[in-house]
$ cat upload.pdb   # PDB, C-alpha atoms and all ligand atoms
ATOM      1  CA  MET H  10     128.872  81.967 107.636
ATOM      2  CA  SER H  11     131.538  84.410 106.478
ATOM      3  CA  TYR H  12     130.737  87.564 104.494
ATOM      4  CA  ILE H  13     132.149  85.928 101.366
ATOM      5  CA  ASP H  14     129.823  82.943 101.830
ATOM      6  CA  ALA H  15     126.888  85.279 102.367
ATOM      7  CA  ASP H  16     127.631  86.945  99.034
ATOM      8  CA  ILE H  17     127.817  83.662  97.125
ATOM      9  CA  ALA H  18     124.775  82.308  98.967
ATOM     10  CA  THR H  19     122.421  84.753  97.243
ATOM     11  CA  ASN H  20     122.739  82.536  94.164
ATOM     12  CA  ARG H  21     121.057  79.725  96.033
ATOM     13  CA  LYS H  22     118.072  81.937  96.871
ATOM     14  CA  ASN H  23     117.770  83.001  93.218
ATOM     15  CA  GLY H  24     117.492  79.358  92.236
ATOM     16  CA  GLN H  25     120.204  79.979  89.678
ATOM     17  CA  ILE H  26     122.723  77.303  88.841
ATOM     18  CA  ARG H  27     126.306  78.568  88.791
ATOM     19  CA  LEU H  28     128.309  77.939  85.631
ATOM     20  CA  HIS H  29     131.935  77.602  86.680
ATOM     21  CA  LYS H  30     134.964  78.589  84.613
ATOM     22  CA  PRO H  31     137.598  76.181  83.253
ATOM     23  CA  GLU H  32     140.049  77.279  85.985
ATOM     24  CA  ASP H  33     137.468  76.350  88.638
ATOM     25  CA  PHE H  34     137.687  72.717  87.470
ATOM     26  CA  ALA H  35     141.299  72.679  88.689
ATOM     27  CA  GLY H  36     140.205  73.616  92.222
ATOM     28  CA  MET H  37     137.504  70.925  92.229
ATOM     29  CA  ARG H  38     139.974  68.325  90.930
ATOM     30  CA  ARG H  39     142.253  69.020  93.899
ATOM     31  CA  ALA H  40     139.423  68.968  96.468
ATOM     32  CA  GLY H  41     137.923  65.844  94.887
ATOM     33  CA  ARG H  42     141.248  64.064  94.846
ATOM     34  CA  LEU H  43     141.925  64.824  98.503
ATOM     35  CA  VAL H  44     138.532  63.546  99.643
ATOM     36  CA  ALA H  45     139.092  60.388  97.554
ATOM     37  CA  GLU H  46     142.513  59.928  99.175
ATOM     38  CA  THR H  47     140.878  60.350 102.589
ATOM     39  CA  LEU H  48     138.408  57.557 101.776
ATOM     40  CA  ASP H  49     141.319  55.404 100.502
ATOM     41  CA  HIS H  50     143.288  56.110 103.691
ATOM     42  CA  ILE H  51     140.684  54.685 106.077
ATOM     43  CA  ALA H  52     139.936  51.510 104.070
ATOM     44  CA  PRO H  53     142.496  49.256 105.861
ATOM     45  CA  PHE H  54     141.213  50.349 109.288
ATOM     46  CA  VAL H  55     137.602  49.224 108.734
ATOM     47  CA  GLU H  56     137.471  45.983 110.744
ATOM     48  CA  PRO H  57     135.234  44.378 113.356
ATOM     49  CA  GLY H  58     136.040  45.845 116.804
ATOM     50  CA  VAL H  59     136.981  49.276 115.457
ATOM     51  CA  SER H  60     134.719  52.186 116.479
ATOM     52  CA  THR H  61     133.302  54.641 113.982
ATOM     53  CA  GLY H  62     134.572  57.403 116.294
ATOM     54  CA  SER H  63     138.152  56.210 115.752
ATOM     55  CA  LEU H  64     137.613  56.225 111.969
ATOM     56  CA  ASP H  65     136.290  59.785 112.278
ATOM     57  CA  ALA H  66     139.395  60.783 114.272
ATOM     58  CA  ARG H  67     141.635  59.394 111.510
ATOM     59  CA  ILE H  68     139.643  61.370 108.938
ATOM     60  CA  PHE H  69     139.983  64.555 111.016
ATOM     61  CA  GLU H  70     143.785  64.128 111.208
ATOM     62  CA  PHE H  71     144.229  63.216 107.533
ATOM     63  CA  VAL H  72     142.187  66.185 106.313
ATOM     64  CA  LYS H  73     144.036  68.587 108.637
ATOM     65  CA  ASP H  74     147.466  67.181 107.714
ATOM     66  CA  HIS H  75     146.726  67.818 104.035
ATOM     67  CA  GLY H  76     145.906  71.486 104.463
ATOM     68  CA  ALA H  77     142.124  71.179 104.262
ATOM     69  CA  LEU H  78     139.233  71.923 106.624
ATOM     70  CA  SER H  79     136.394  69.566 107.476
ATOM     71  CA  ALA H  80     133.186  71.042 106.034
ATOM     72  CA  THR H  81     130.890  69.082 108.366
ATOM     73  CA  LEU H  82     132.669  70.070 111.602
ATOM     74  CA  MET H  83     130.401  72.743 113.127
ATOM     75  CA  TYR H  84     128.082  72.604 110.080
ATOM     76  CA  ARG H  85     124.549  73.339 111.366
ATOM     77  CA  GLY H  86     125.591  72.080 114.798
ATOM     78  CA  TYR H  87     127.226  68.862 113.514
ATOM     79  CA  THR H  88     130.450  68.118 115.427
ATOM     80  CA  HIS H  89     132.284  65.437 113.382
ATOM     81  CA  SER H  90     134.510  65.203 110.294
ATOM     82  CA  SER H  91     132.424  62.452 108.700
ATOM     83  CA  CYS H  92     129.034  60.782 108.704
ATOM     84  CA  ILE H  93     129.224  57.010 109.227
ATOM     85  CA  SER H  94     126.009  55.113 108.554
ATOM     86  CA  ILE H  95     125.825  51.439 109.534
ATOM     87  CA  ASN H  96     123.402  48.790 108.159
ATOM     88  CA  HIS H  97     119.840  50.225 108.294
ATOM     89  CA  VAL H  98     121.134  53.778 108.814
ATOM     90  CA  VAL H  99     120.474  55.560 105.507
ATOM     91  CA  CYS H 100     122.694  58.615 106.031
ATOM     92  CA  HIS H 101     123.999  61.173 108.544
ATOM     93  CA  GLY H 102     125.035  58.491 111.083
ATOM     94  CA  ILE H 103     127.034  60.095 113.907
ATOM     95  CA  PRO H 104     130.453  58.555 114.684
ATOM     96  CA  SER H 105     130.516  56.971 118.161
ATOM     97  CA  ASP H 106     132.479  54.689 120.509
ATOM     98  CA  LYS H 107     130.421  51.661 119.493
ATOM     99  CA  PRO H 108     132.610  48.991 117.851
ATOM    100  CA  LEU H 109     131.815  47.631 114.391
ATOM    101  CA  ARG H 110     130.649  44.022 114.337
ATOM    102  CA  GLU H 111     131.473  41.256 111.869
ATOM    103  CA  GLY H 112     129.052  41.555 108.942
ATOM    104  CA  ASP H 113     128.297  45.271 109.329
ATOM    105  CA  ILE H 114     128.168  47.405 106.194
ATOM    106  CA  LEU H 115     128.868  51.111 106.517
ATOM    107  CA  ASN H 116     128.870  54.277 104.468
ATOM    108  CA  VAL H 117     131.596  56.799 105.222
ATOM    109  CA  ASP H 118     130.802  60.295 103.891
ATOM    110  CA  VAL H 119     133.465  62.999 104.028
ATOM    111  CA  THR H 120     133.246  66.637 102.970
ATOM    112  CA  LEU H 121     136.276  68.926 103.126
ATOM    113  CA  ILE H 122     137.261  72.377 101.946
ATOM    114  CA  LEU H 123     140.573  72.824 100.119
ATOM    115  CA  ASP H 124     141.560  76.318  98.956
ATOM    116  CA  GLY H 125     137.907  77.355  99.129
ATOM    117  CA  TRP H 126     136.564  74.409  97.076
ATOM    118  CA  HIS H 127     134.407  71.641  98.592
ATOM    119  CA  GLY H 128     135.189  67.955  98.112
ATOM    120  CA  ASP H 129     132.243  65.652  98.980
ATOM    121  CA  SER H 130     132.257  61.882  98.491
ATOM    122  CA  SER H 131     131.153  58.672 100.184
ATOM    123  CA  ARG H 132     131.677  54.929  99.788
ATOM    124  CA  MET H 133     130.499  51.666 101.324
ATOM    125  CA  TYR H 134     132.831  49.495 103.411
ATOM    126  CA  ALA H 135     132.452  46.050 104.990
ATOM    127  CA  ALA H 136     133.514  44.909 108.479
ATOM    128  CA  GLY H 137     134.761  41.365 107.937
ATOM    129  CA  GLU H 138     132.583  38.955 105.951
ATOM    130  CA  ILE H 139     129.176  40.326 104.977
ATOM    131  CA  PRO H 140     125.990  38.545 103.861
ATOM    132  CA  ARG H 141     125.475  38.005 100.138
ATOM    133  CA  ARG H 142     122.371  40.257 100.086
ATOM    134  CA  ALA H 143     124.441  43.105 101.590
ATOM    135  CA  GLU H 144     127.107  42.604  98.930
ATOM    136  CA  ARG H 145     124.429  42.714  96.225
ATOM    137  CA  LEU H 146     122.870  45.886  97.679
ATOM    138  CA  ILE H 147     126.274  47.585  97.638
ATOM    139  CA  GLU H 148     126.975  46.483  94.062
ATOM    140  CA  VAL H 149     123.551  47.713  92.869
ATOM    141  CA  THR H 150     123.970  51.048  94.697
ATOM    142  CA  HIS H 151     127.366  51.669  93.098
ATOM    143  CA  GLU H 152     126.048  50.739  89.665
ATOM    144  CA  SER H 153     123.007  53.030  90.233
ATOM    145  CA  MET H 154     125.305  55.973  90.864
ATOM    146  CA  MET H 155     127.415  55.169  87.791
ATOM    147  CA  ARG H 156     124.293  54.900  85.571
ATOM    148  CA  GLY H 157     123.174  58.296  86.868
ATOM    149  CA  ILE H 158     126.588  59.762  86.067
ATOM    150  CA  ALA H 159     126.506  58.192  82.587
ATOM    151  CA  ALA H 160     123.367  60.280  81.863
ATOM    152  CA  ILE H 161     125.249  63.560  82.407
ATOM    153  CA  LYS H 162     126.076  65.716  79.375
ATOM    154  CA  PRO H 163     125.117  69.174  78.148
ATOM    155  CA  GLY H 164     121.486  69.242  76.959
ATOM    156  CA  ASN H 165     120.377  66.362  79.168
ATOM    157  CA  THR H 166     118.433  67.196  82.351
ATOM    158  CA  THR H 167     118.656  66.457  86.077
ATOM    159  CA  GLY H 168     115.585  64.238  85.538
ATOM    160  CA  ASP H 169     117.576  62.067  83.133
ATOM    161  CA  ILE H 170     119.997  61.323  85.991
ATOM    162  CA  GLY H 171     117.248  60.356  88.443
ATOM    163  CA  ALA H 172     115.387  58.329  85.836
ATOM    164  CA  ALA H 173     118.509  56.283  85.000
ATOM    165  CA  ILE H 174     119.097  55.520  88.687
ATOM    166  CA  GLN H 175     115.466  54.604  89.367
ATOM    167  CA  ALA H 176     115.046  52.470  86.228
ATOM    168  CA  TYR H 177     118.015  50.353  87.255
ATOM    169  CA  ALA H 178     117.612  50.127  91.070
ATOM    170  CA  GLU H 179     113.820  49.762  91.149
ATOM    171  CA  GLY H 180     112.925  48.594  87.629
ATOM    172  CA  GLU H 181     115.699  46.065  87.105
ATOM    173  CA  GLU H 182     116.879  45.186  90.602
ATOM    174  CA  ARG H 183     113.670  45.528  92.679
ATOM    175  CA  MET H 184     115.279  47.658  95.370
ATOM    176  CA  SER H 185     114.083  51.125  96.535
ATOM    177  CA  VAL H 186     115.431  54.615  95.914
ATOM    178  CA  VAL H 187     115.257  56.865  99.003
ATOM    179  CA  ARG H 188     113.224  59.999  98.148
ATOM    180  CA  ASP H 189     113.978  62.134 101.212
ATOM    181  CA  PHE H 190     117.585  63.113 100.389
ATOM    182  CA  CYS H 191     119.148  64.263  97.153
ATOM    183  CA  GLY H 192     122.399  65.267  95.511
ATOM    184  CA  HIS H 193     123.252  68.963  95.356
ATOM    185  CA  GLY H 194     125.187  71.622  93.582
ATOM    186  CA  ILE H 195     128.625  72.144  95.127
ATOM    187  CA  GLY H 196     131.705  74.296  94.639
ATOM    188  CA  ARG H 197     132.537  77.248  96.854
ATOM    189  CA  LEU H 198     129.253  76.378  98.636
ATOM    190  CA  PHE H 199     128.590  72.989 100.298
ATOM    191  CA  HIS H 200     124.928  72.703  99.291
ATOM    192  CA  ASP H 201     123.933  74.773  96.265
ATOM    193  CA  GLU H 202     121.506  74.579  93.327
ATOM    194  CA  PRO H 203     120.570  72.289  91.607
ATOM    195  CA  ASN H 204     118.971  69.493  93.627
ATOM    196  CA  ILE H 205     119.773  66.143  92.057
ATOM    197  CA  LEU H 206     116.860  63.776  92.712
ATOM    198  CA  HIS H 207     117.724  60.089  92.417
ATOM    199  CA  TYR H 208     114.344  59.280  90.849
ATOM    200  CA  GLY H 209     112.187  60.996  88.236
ATOM    201  CA  ARG H 210     111.329  61.165  84.567
ATOM    202  CA  PRO H 211     113.584  61.736  81.567
ATOM    203  CA  GLY H 212     113.557  65.331  80.343
ATOM    204  CA  GLU H 213     112.298  66.794  83.640
ATOM    205  CA  GLY H 214     114.232  69.243  85.795
ATOM    206  CA  ALA H 215     117.020  71.634  84.927
ATOM    207  CA  VAL H 216     118.952  71.430  81.657
ATOM    208  CA  LEU H 217     122.621  70.520  82.237
ATOM    209  CA  LYS H 218     125.249  72.978  81.005
ATOM    210  CA  PRO H 219     129.059  72.979  80.943
ATOM    211  CA  GLY H 220     130.482  74.323  84.206
ATOM    212  CA  MET H 221     127.814  72.925  86.531
ATOM    213  CA  PHE H 222     129.239  71.120  89.583
ATOM    214  CA  PHE H 223     127.078  68.754  91.648
ATOM    215  CA  THR H 224     126.987  65.445  93.524
ATOM    216  CA  VAL H 225     125.247  62.193  92.602
ATOM    217  CA  GLU H 226     124.654  60.275  95.850
ATOM    218  CA  PRO H 227     121.838  57.721  95.653
ATOM    219  CA  MET H 228     120.663  55.918  98.795
ATOM    220  CA  ILE H 229     119.198  52.502  97.955
ATOM    221  CA  ASN H 230     117.236  50.282 100.372
ATOM    222  CA  LEU H 231     116.700  46.517 100.202
ATOM    223  CA  GLY H 232     113.159  47.069 101.547
ATOM    224  CA  ARG H 233     110.765  50.012 101.278
ATOM    225  CA  PRO H 234     112.032  53.533 100.474
ATOM    226  CA  HIS H 235     110.708  55.237 103.621
ATOM    227  CA  VAL H 236     113.020  56.771 106.199
ATOM    228  CA  LYS H 237     112.708  58.480 109.574
ATOM    229  CA  VAL H 238     115.127  60.735 111.447
ATOM    230  CA  LEU H 239     115.987  59.727 115.020
ATOM    231  CA  ALA H 240     115.676  61.991 118.084
ATOM    232  CA  ASP H 241     119.330  63.132 117.727
ATOM    233  CA  GLY H 242     118.098  65.192 114.770
ATOM    234  CA  TRP H 243     120.594  63.639 112.313
ATOM    235  CA  THR H 244     120.527  59.827 112.052
ATOM    236  CA  ALA H 245     118.206  58.761 109.221
ATOM    237  CA  VAL H 246     117.117  55.094 109.272
ATOM    238  CA  THR H 247     114.893  52.897 107.117
ATOM    239  CA  ARG H 248     111.403  52.700 108.632
ATOM    240  CA  ASP H 249     111.259  48.942 107.966
ATOM    241  CA  ARG H 250     114.838  48.502 109.313
ATOM    242  CA  SER H 251     115.966  47.036 105.981
ATOM    243  CA  LEU H 252     119.599  47.482 104.907
ATOM    244  CA  SER H 253     120.529  50.695 103.115
ATOM    245  CA  ALA H 254     123.582  51.676 101.059
ATOM    246  CA  GLN H 255     124.927  54.854  99.462
ATOM    247  CA  PHE H 256     127.773  56.031  97.243
ATOM    248  CA  GLU H 257     128.572  59.634  96.370
ATOM    249  CA  HIS H 258     130.684  61.131  93.589
ATOM    250  CA  MET H 259     131.194  64.793  92.817
ATOM    251  CA  VAL H 260     131.115  65.717  89.108
ATOM    252  CA  GLY H 261     131.472  68.622  86.693
ATOM    253  CA  VAL H 262     129.591  68.974  83.404
ATOM    254  CA  THR H 263     132.089  69.428  80.554
ATOM    255  CA  GLU H 264     131.557  70.612  76.938
ATOM    256  CA  THR H 265     131.106  67.014  75.823
ATOM    257  CA  GLY H 266     130.025  65.063  78.903
ATOM    258  CA  VAL H 267     131.070  64.703  82.513
ATOM    259  CA  GLU H 268     134.196  64.715  84.663
ATOM    260  CA  VAL H 269     134.195  62.763  87.954
ATOM    261  CA  PHE H 270     136.311  64.610  90.534
ATOM    262  CA  THR H 271     136.298  61.929  93.244
ATOM    263  CA  HIS H 272     137.603  58.722  91.659
ATOM    264  CA  SER H 273     139.894  56.705  93.954
ATOM    265  CA  PRO H 274     143.583  56.903  92.996
ATOM    266  CA  ALA H 275     143.961  53.510  94.744
ATOM    267  CA  GLY H 276     141.255  51.718  92.734
ATOM    268  CA  LEU H 277     138.902  51.676  95.723
ATOM    269  CA  ASP H 278     135.848  53.397  94.201
ATOM    270  CA  ASN H 279     133.890  50.428  95.545
ATOM    271  CA  PRO H 280     135.999  49.088  98.452
ATOM    272  CA  VAL H 281     133.694  46.092  98.991
ATOM    273  CA  ALA H 282     134.060  44.916  95.387
ATOM    274  CA  ALA H 283     137.828  45.529  95.533
ATOM    275  CA  LYS H 284     138.084  43.394  98.689
ATOM    276  CA  ALA H 285     136.061  40.531  97.160
ATOM    277  CA  ALA H 286     138.188  40.529  93.980
TER
HETATM  278  N1  LIG R 301     128.164  64.983 103.133
HETATM  279  C1  LIG R 301     126.719  65.041 103.202
HETATM  280  C2  LIG R 301     126.248  65.260 101.792
HETATM  281  O1  LIG R 301     126.569  64.470 100.959
HETATM  282  C3  LIG R 301     126.214  66.090 104.127
HETATM  283  C4  LIG R 301     126.551  65.861 105.537
HETATM  284  S1  LIG R 301     126.037  67.202 106.485
HETATM  285  C5  LIG R 301     126.352  66.704 108.061
HETATM  286  O2  LIG R 301     125.616  66.213 101.428
HETATM  287  F1  LIG R 301     126.222  67.771 108.784
HETATM  288  F2  LIG R 301     125.510  65.734 108.388
HETATM  289  F3  LIG R 301     127.581  66.243 108.162
HETATM  290 CO    CO R 302     126.746  65.503  99.181
HETATM  291 CO    CO R 303     128.545  63.674 101.288
END
$ encode --input "upload.pdb" --output "structure tokens" --more "lines below"
Ligand code: MF3
Ligand code: CO
Ligand code: CO
Amino acid sequence: MSYIDADIATNRKNGQIRLHKPEDFAGMRRAGRLVAETLDHIAPFVEPGVSTGSLDARIFEFVKDHGALSATLMYRGYTHSSCISINHVVCHGIPSDKPLREGDILNVDVTLILDGWHGDSSRMYAAGEIPRRAERLIEVTHESMMRGIAAIKPGNTTGDIGAAIQAYAEGEERMSVVRDFCGHGIGRLFHDEPNILHYGRPGEGAVLKPGMFFTVEPMINLGRPHVKVLADGWTAVTRDRSLSAQFEHMVGVTETGVEVFTHSPAGLDNPVAAKAA
């Protein structure tokens, strides 16, 4: 941690939520766009036979070539430029030499730093043809995230976001929301206040105000919600080994609603749906 980080980090301890200035939105737009372009860039390379380590290497190069730093490289001992989580891996999968197999689904999560601002986003991809239930899980997970984002405006609360996600994924679609990981404030810091739970009750939590920056990144399981972390200290898997999916956007609260910083310029917000179309 640099001295500058240490200064900003006191805000996290205070439990205060930073309210960013209009000019800060410009920095987040640039960081968000670059992480979205990174996720666009790897889409054509996701195929059976390709290793997640080689996808991570492409991400490393792309981020570096565009003047950014990987935020996960050397973060709390993590040594990669992405997390790649296959099938029943919920999140924080470590890129490896193992090749993807036909029918695998995978989340690729990239966080970078551009001019001091963090860009954090993830999407689901498919290796070859995937089962119908996997396709449905991915569709429901993307829609869950978008329903959470649709609940964001000044005066609403973080609980409104979680409640919208849970009502859809569990209430309507009979899938499970993972409780053990949440979205987070972001900006000059990677993980800041507030926590964004992907479940909850309307009206609970912190009141949203213009200038707040945070992620919405629901993990949805086909089976039960419970997860465990493997002995490597990172890889989180479903306890019942059911399939899991995740999407992540980074947003800012505006005077009237919400701005999504991480939309795909290539129309690949949901690469699996784009491929099927
Ligand atoms: N990008 C993840 C998030 O959405 C965090 C990954 S931290 C790592 O918050 F160290 F596992 F890479
Ligand atoms: Co995040
Ligand atoms: Co992320």
$ residues_around --input "upload.pdb" --residues "region 114-131 of chain H" --least-positions-apart "6" --cutoff "6 Å" --atoms "only C-alpha atoms" --output "list of chain:residue names"
H:Ala40, H:Gly41, H:Val44, H:Ala77, H:Leu78, H:Ser79, H:Ala80, H:Ser91, H:Cys92, H:Ile93, H:Ser94, H:Ile95, H:Asn96, H:Gly196, H:Arg197, H:Phe256, H:Glu257, H:His258
$ closest_residue --input "upload.pdb" --among "H:Ala45, H:Leu82, H:Ala283, H:Ala215" --to "Ile26 (chain H)" --atoms "only C-alpha atoms"
H:Ala215
$ resolve_selection --input "upload.pdb" --expression "the PyMOL selection byres (((chain H and resi 63-68) around 8) and not hetatm)" --output "ChimeraX atom specification"
/H:47,51,54-55,59-62,69-72,89-91,104,106
$ residues_near_point --input "upload.pdb" --point "(118.4, 47.9, 108.9)" --cutoff "8 Å" --atoms "all atoms listed in the file" --output "ChimeraX atom specification"
/H:96-98,246-247,249-253
$ axis_aligned_box --input "upload.pdb" --around "region 64-74 of chain H" --padding-each-side "3 Å" --output "AutoDock Vina command-line options"
--center_x 141.9 --center_y 62.4 --center_z 110.3 --size_x 17.2 --size_y 18.4 --size_z 14.0
$ closest_residue --input "upload.pdb" --among "H:Thr88, H:Thr265, H:Gln255, H:Asn230" --to "Met154 (chain H)" --atoms "only C-alpha atoms"
H:Gln255
$ residues_around --input "upload.pdb" --residues "Gly192 (chain H)" --least-positions-apart "4" --cutoff "10 Å" --atoms "all atoms listed in the file" --output "ChimeraX atom specification"
/H:200-207,223-227,257-259
$ closest_residue --input "upload.pdb" --among "H:Asn165, H:Thr244, H:Gln175, H:Asn23" --to "ligand LIG 301 (chain R)" --atoms "only C-alpha atoms and all ligand atoms"
H:Thr244
$ closest_residue --input "upload.pdb" --among "H:Gly276, H:Gly261, H:Ile195, H:Val238" --to "Ala35 (chain H)" --atoms "only C-alpha atoms"
H:Gly261
$ atom_distance --input "upload.pdb" --atom1 "CA of Arg110 (chain H)" --atom2 "CA of Ile139 (chain H)"
10.2 Å
$ resolve_selection --input "upload.pdb" --expression "the PyMOL selection byres (((chain H and resi 210) around 9) and not hetatm)" --output "PyMOL selection string"
chain H and resi 168-173+208-209+211-214
$ write_last_selection --input "upload.pdb" --atoms "C-alpha atoms" --output "JSON list (two decimals), in the frame of the given file"
[["chain", "number", "residue", "atom", "x", "y", "z"],
["H", 168, "GLY", "CA", 115.58, 64.24, 85.54],
["H", 169, "ASP", "CA", 117.58, 62.07, 83.13],
["H", 170, "ILE", "CA", 120.00, 61.32, 85.99],
["H", 171, "GLY", "CA", 117.25, 60.36, 88.44],
["H", 172, "ALA", "CA", 115.39, 58.33, 85.84],
["H", 173, "ALA", "CA", 118.51, 56.28, 85.00],
["H", 208, "TYR", "CA", 114.34, 59.28, 90.85],
["H", 209, "GLY", "CA", 112.19, 61.00, 88.24],
["H", 211, "PRO", "CA", 113.58, 61.74, 81.57],
["H", 212, "GLY", "CA", 113.56, 65.33, 80.34],
["H", 213, "GLU", "CA", 112.30, 66.79, 83.64],
["H", 214, "GLY", "CA", 114.23, 69.24, 85.80]]
$ closest_residue --input "upload.pdb" --among "H:Gly180, H:Gly102, H:Pro219, H:Gly232" --to "ligand LIG 301 (chain R)" --atoms "all atoms listed in the file"
H:Gly102
$ closest_residue --input "upload.pdb" --among "H:Lys30, H:Arg132, H:Lys237, H:His272" --to "ligand CO 302 (chain R)" --atoms "all atoms listed in the file"
H:Arg132
$ resolve_selection --input "upload.pdb" --expression "the PyMOL selection byres (((chain H and resi 140) around 12) and not hetatm)" --output "PyMOL selection string"
chain H and resi 96+111-114+135-139+141-147+252+281
$ write_last_selection --input "upload.pdb" --atoms "C-alpha atoms" --output "mmCIF file, in the coordinates of the input"
data_model
loop_
_atom_site.group_PDB
_atom_site.id
_atom_site.type_symbol
_atom_site.label_atom_id
_atom_site.label_comp_id
_atom_site.auth_asym_id
_atom_site.auth_seq_id
_atom_site.Cartn_x
_atom_site.Cartn_y
_atom_site.Cartn_z
ATOM 1 C CA ASN H 96 123.402 48.790 108.159
ATOM 2 C CA GLU H 111 131.473 41.256 111.869
ATOM 3 C CA GLY H 112 129.052 41.555 108.942
ATOM 4 C CA ASP H 113 128.297 45.271 109.329
ATOM 5 C CA ILE H 114 128.168 47.405 106.194
ATOM 6 C CA ALA H 135 132.452 46.050 104.990
ATOM 7 C CA ALA H 136 133.514 44.909 108.479
ATOM 8 C CA GLY H 137 134.761 41.365 107.937
ATOM 9 C CA GLU H 138 132.583 38.955 105.951
ATOM 10 C CA ILE H 139 129.176 40.326 104.977
ATOM 11 C CA ARG H 141 125.475 38.005 100.138
ATOM 12 C CA ARG H 142 122.371 40.257 100.086
ATOM 13 C CA ALA H 143 124.441 43.105 101.590
ATOM 14 C CA GLU H 144 127.107 42.604 98.930
ATOM 15 C CA ARG H 145 124.429 42.714 96.225
ATOM 16 C CA LEU H 146 122.870 45.886 97.679
ATOM 17 C CA ILE H 147 126.274 47.585 97.638
ATOM 18 C CA LEU H 252 119.599 47.482 104.907
ATOM 19 C CA VAL H 281 133.694 46.092 98.991
#
$ atom_distance --input "upload.pdb" --atom1 "CA of Pro31 (chain H)" --atom2 "CA of Met221 (chain H)"
10.8 Å
$ atom_distance --input "upload.pdb" --atom1 "CA of Glu181 (chain H)" --atom2 "CA of Leu231 (chain H)"
13.1 Å
$ residues_around --input "upload.pdb" --residues "Arg156 (chain H)" --least-positions-apart "3" --cutoff "7 Å" --atoms "only C-alpha atoms" --output "MDAnalysis selection string"
chainID H and resid 152:153 159:160 173:174
$ residues_around --input "upload.pdb" --residues "Ile229 (chain H)" --least-positions-apart "4" --cutoff "7 Å" --atoms "all atoms listed in the file" --output "PyMOL selection string"
chain H and resi 150+184-187+253-255
$ decode --input "upload.pdb" --residues "region 111-127 of chain H" --atoms "N, CA and C atoms" --output "PDB file, in the first residue's frame"
ATOM      1  N   GLU H 111     -15.262 -28.674 -23.888  1.00  0.00           N
ATOM      2  CA  GLU H 111     -16.555 -28.403 -24.522  1.00  0.00           C
ATOM      3  C   GLU H 111     -17.654 -28.428 -23.455  1.00  0.00           C
ATOM      4  N   GLY H 112     -18.461 -27.383 -23.408  1.00  0.00           N
ATOM      5  CA  GLY H 112     -19.574 -27.341 -22.455  1.00  0.00           C
ATOM      6  C   GLY H 112     -19.268 -26.616 -21.161  1.00  0.00           C
ATOM      7  N   ASP H 113     -17.992 -26.223 -20.951  1.00  0.00           N
ATOM      8  CA  ASP H 113     -17.660 -25.449 -19.756  1.00  0.00           C
ATOM      9  C   ASP H 113     -18.262 -24.050 -19.839  1.00  0.00           C
ATOM     10  N   ILE H 114     -18.702 -23.538 -18.689  1.00  0.00           N
ATOM     11  CA  ILE H 114     -19.041 -22.112 -18.590  1.00  0.00           C
ATOM     12  C   ILE H 114     -18.025 -21.477 -17.641  1.00  0.00           C
ATOM     13  N   LEU H 115     -17.665 -20.221 -17.932  1.00  0.00           N
ATOM     14  CA  LEU H 115     -16.635 -19.594 -17.109  1.00  0.00           C
ATOM     15  C   LEU H 115     -16.890 -18.111 -16.925  1.00  0.00           C
ATOM     16  N   ASN H 116     -16.584 -17.638 -15.716  1.00  0.00           N
ATOM     17  CA  ASN H 116     -16.601 -16.212 -15.439  1.00  0.00           C
ATOM     18  C   ASN H 116     -15.177 -15.687 -15.510  1.00  0.00           C
ATOM     19  N   VAL H 117     -15.006 -14.594 -16.244  1.00  0.00           N
ATOM     20  CA  VAL H 117     -13.704 -13.918 -16.283  1.00  0.00           C
ATOM     21  C   VAL H 117     -13.890 -12.563 -15.618  1.00  0.00           C
ATOM     22  N   ASP H 118     -13.126 -12.316 -14.554  1.00  0.00           N
ATOM     23  CA  ASP H 118     -13.245 -11.100 -13.740  1.00  0.00           C
ATOM     24  C   ASP H 118     -11.913 -10.351 -13.800  1.00  0.00           C
ATOM     25  N   VAL H 119     -11.972  -9.126 -14.296  1.00  0.00           N
ATOM     26  CA  VAL H 119     -10.757  -8.322 -14.455  1.00  0.00           C
ATOM     27  C   VAL H 119     -10.894  -7.020 -13.665  1.00  0.00           C
ATOM     28  N   THR H 120      -9.860  -6.665 -12.933  1.00  0.00           N
ATOM     29  CA  THR H 120      -9.798  -5.347 -12.301  1.00  0.00           C
ATOM     30  C   THR H 120      -8.486  -4.680 -12.677  1.00  0.00           C
ATOM     31  N   LEU H 121      -8.569  -3.449 -13.159  1.00  0.00           N
ATOM     32  CA  LEU H 121      -7.369  -2.705 -13.550  1.00  0.00           C
ATOM     33  C   LEU H 121      -7.393  -1.316 -12.913  1.00  0.00           C
ATOM     34  N   ILE H 122      -6.263  -0.663 -13.001  1.00  0.00           N
ATOM     35  CA  ILE H 122      -6.148   0.715 -12.507  1.00  0.00           C
ATOM     36  C   ILE H 122      -5.656   1.577 -13.660  1.00  0.00           C
ATOM     37  N   LEU H 123      -6.458   2.593 -14.019  1.00  0.00           N
ATOM     38  CA  LEU H 123      -6.087   3.516 -15.086  1.00  0.00           C
ATOM     39  C   LEU H 123      -6.102   4.934 -14.510  1.00  0.00           C
ATOM     40  N   ASP H 124      -4.962   5.588 -14.565  1.00  0.00           N
ATOM     41  CA  ASP H 124      -4.829   6.954 -14.020  1.00  0.00           C
ATOM     42  C   ASP H 124      -5.373   7.056 -12.591  1.00  0.00           C
ATOM     43  N   GLY H 125      -5.137   6.008 -11.800  1.00  0.00           N
ATOM     44  CA  GLY H 125      -5.539   6.036 -10.400  1.00  0.00           C
ATOM     45  C   GLY H 125      -6.953   5.570 -10.111  1.00  0.00           C
ATOM     46  N   TRP H 126      -7.746   5.309 -11.175  1.00  0.00           N
ATOM     47  CA  TRP H 126      -9.136   4.850 -10.991  1.00  0.00           C
ATOM     48  C   TRP H 126      -9.248   3.363 -11.303  1.00  0.00           C
ATOM     49  N   HIS H 127     -10.011   2.632 -10.461  1.00  0.00           N
ATOM     50  CA  HIS H 127     -10.189   1.190 -10.669  1.00  0.00           C
ATOM     51  C   HIS H 127     -11.327   0.914 -11.651  1.00  0.00           C
TER      52      HIS H 127
END
